[in-house]
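Q: Quick one: the structure is below, questions incoming.
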Amino acid sequence: MKNGRQKQILVAGGAGFLGSHLCERLIEEGARVVCLDNFLTGKPENLRRLELSADFELIEHDIVEPLPAKLMKRRFDRVYNLACAASPPLYQADPEHTLMTNVLGTRHLLKLAEACGARFLLTSTSEVYGDPHAHPQVESYWGNVNCTGPRACYDEGKRAAETLCFDYDRLKKVEVRVARIFNTYGPRLSPDDGRVVSNVVSQALAGDDITVFGDGSQTRSFCYVDDQVDGLMKLMEFDGAQPGPINIGNPVERTILELVDLVLAMTGSNSEVIFQPLPVDDPKRRRPDISKAERVLGWTPQTDLEQGLRSTIAWFEAGEGLAASTRGG
Ligand code: NAD
Ligand code: UDP
């Protein structure tokens, strides 16, 4: 609550994996939430519980297009921008739209935040570091992104979105927060999403071949969704001077083969592992340096991979949309 008044929060991309968890947490904490989404990768099932709440409202809209006039007249305290497909095959399906979502879409949302004096949070990504030469990745590292490759629509889109955000902040138009999210997983990842955790868990449960791209020695550091949402909310509510971009992720690094072995052991699956070509520009190593998040926000992830996979596997086993996340049942 702000001045005893209910906080009004806009969540663009609120029908997606992370966005739907965030909307639930915000409502649990007393806010009124408007979700803006075009259902490109988001699902109505993700909103099932939210739609029971009087504090939730859905507006279907593509943020590449100017925002509806009636929305521009509304007052928000906070604007979260999570709108963008995050899975490589999905964001590469229409690269121009992905780039425009990040650049034009972020601009439209910044203008809304400026009009009503809202604080703005951009969900940027570890992909701004590209295939990094620095390891682990610290926020001051400028990255190694191929601006002409198939991932560029996403990576460069997010980099440009960060640029816009910091320009708006420097010009005192909007107070911004930028989170660089590292691979996050959990209940509500769509089985057809194409990211590694959803692929491996759904393949293991179905007894299908497990697709490992490359030789599986590339690494990622997997953050559980509840930890991620905590980090995003702490960053949004950080009241100090502009902290710059902040990595939000779990610093425990695993190879893809280690992830596969863990999922196979936890599901008791007999699936075979098959090797397929490594996608172009696939980063070889990724691990966040989270000392800034720990120092500035007092945030550190609480859920280890085995714990997080347990609830993720349970959710996939129960069938998409039928079971609920670990938080709130
Ligand atoms: P997701 O694909 O599940 O959710 C994205 C949501 O944005 C979907 O509901 C989709 O329909 C919506 N959307 C996409 N384009 C839109 C548009 N033009 N207009 C309106 N809505 C649009 O992905 P997610 O994993 O929940 O990711 C959420 C955000 O976090 C994304 O911005 C992503 O780049 C960022 N991020 C996520 C991860 C991760 O590991 N989950 C990592 C880095 C960054
Ligand atoms: N990957 C894989 N099998 C899959 C999907 C992904 O081996 O079925 C690999 C992918 O090549 C990458 C890592 O797993 O090295 C993480 O991929 P994801 O798409 O989840 O996210 P990224 O970090 O690449 O954006």
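Ligands are numbered from 1 in the order shown, chains are lettered A, B, ... in the order of the structure tokens, and residues start at 1 in each chain.
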With a distance cut-off of 10 Å and only C-alpha atoms, select the neighbouring residues of Gly207 of chain A, excluding the residue or stretch itself and same-chain residues fewer than 4 positions from it, and output the selection as a ChimeraX atom specification.

A: /A:201-203,264,267-272

Q: Produce a file of the selected residues containing C-alpha atoms, as an mmCIF file, in the first residue's frame.

A:
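Generated file (part35.cif):
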data_model
loop_
_atom_site.group_PDB
_atom_site.id
_atom_site.type_symbol
_atom_site.label_atom_id
_atom_site.label_comp_id
_atom_site.auth_asym_id
_atom_site.auth_seq_id
_atom_site.Cartn_x
_atom_site.Cartn_y
_atom_site.Cartn_z
ATOM 1 C CA VAL A 201 11.366 -32.797 -18.044
ATOM 2 C CA SER A 202 8.574 -33.420 -20.547
ATOM 3 C CA GLN A 203 10.745 -35.810 -22.624
ATOM 4 C CA LEU A 264 16.553 -38.764 -15.375
ATOM 5 C CA THR A 267 11.911 -39.092 -12.732
ATOM 6 C CA GLY A 268 13.236 -42.686 -12.893
ATOM 7 C CA SER A 269 12.956 -42.376 -16.671
ATOM 8 C CA ASN A 270 14.549 -44.787 -19.164
ATOM 9 C CA SER A 271 14.697 -42.161 -21.925
ATOM 10 C CA GLU A 272 17.729 -42.273 -24.209
#

Q: Please list as a PDB file with C-alpha atoms, in the first residue's frame every residue within 8 Å of Arg25 of chain A, counting only C-alpha atoms and excluding residues in the same chain fewer than 4 positions away.

A:
ATOM      1  CA  HIS A  21       3.767 -15.897 -10.935  1.00  0.00           C
ATOM      2  CA  GLU A  29       0.822  -8.553  -1.221  1.00  0.00           C
ATOM      3  CA  VAL A 229      10.009 -13.199  -8.509  1.00  0.00           C
TER       4      VAL A 229
END

Q: May I have the residues within 9 Å of ligand 2, computed using only C-alpha atoms and all ligand atoms, as an MDAnalysis selection string?

A: chainID A and resid 86:89 126:127 151 182:185 193:200 203 210:221 255:257 260 275:280 282:286

Q: Fewer than 6 positions away in the same chain doesn't count, so skip those; otherwise give me all residues within 7 Å of segment 154-165 of chain A, counting only C-alpha atoms, as a list in words.

A: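 Contacts, with the query itself left out: Tyr91, Thr98, Leu99, Asn102, Val103, Thr106, Ser124, Glu127, Val128, Cys147 and Val176 of chain A.
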
Q: Identify which of the residues A:Ala179, A:Ala318, A:Val263, A:Leu26 lies closest to ligand 1, counting only C-alpha atoms and all ligand atoms when measuring atom-to-atom distances.

A: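 Using only C-alpha atoms and all ligand atoms, ligand 1 sits closest to A:Ala179.
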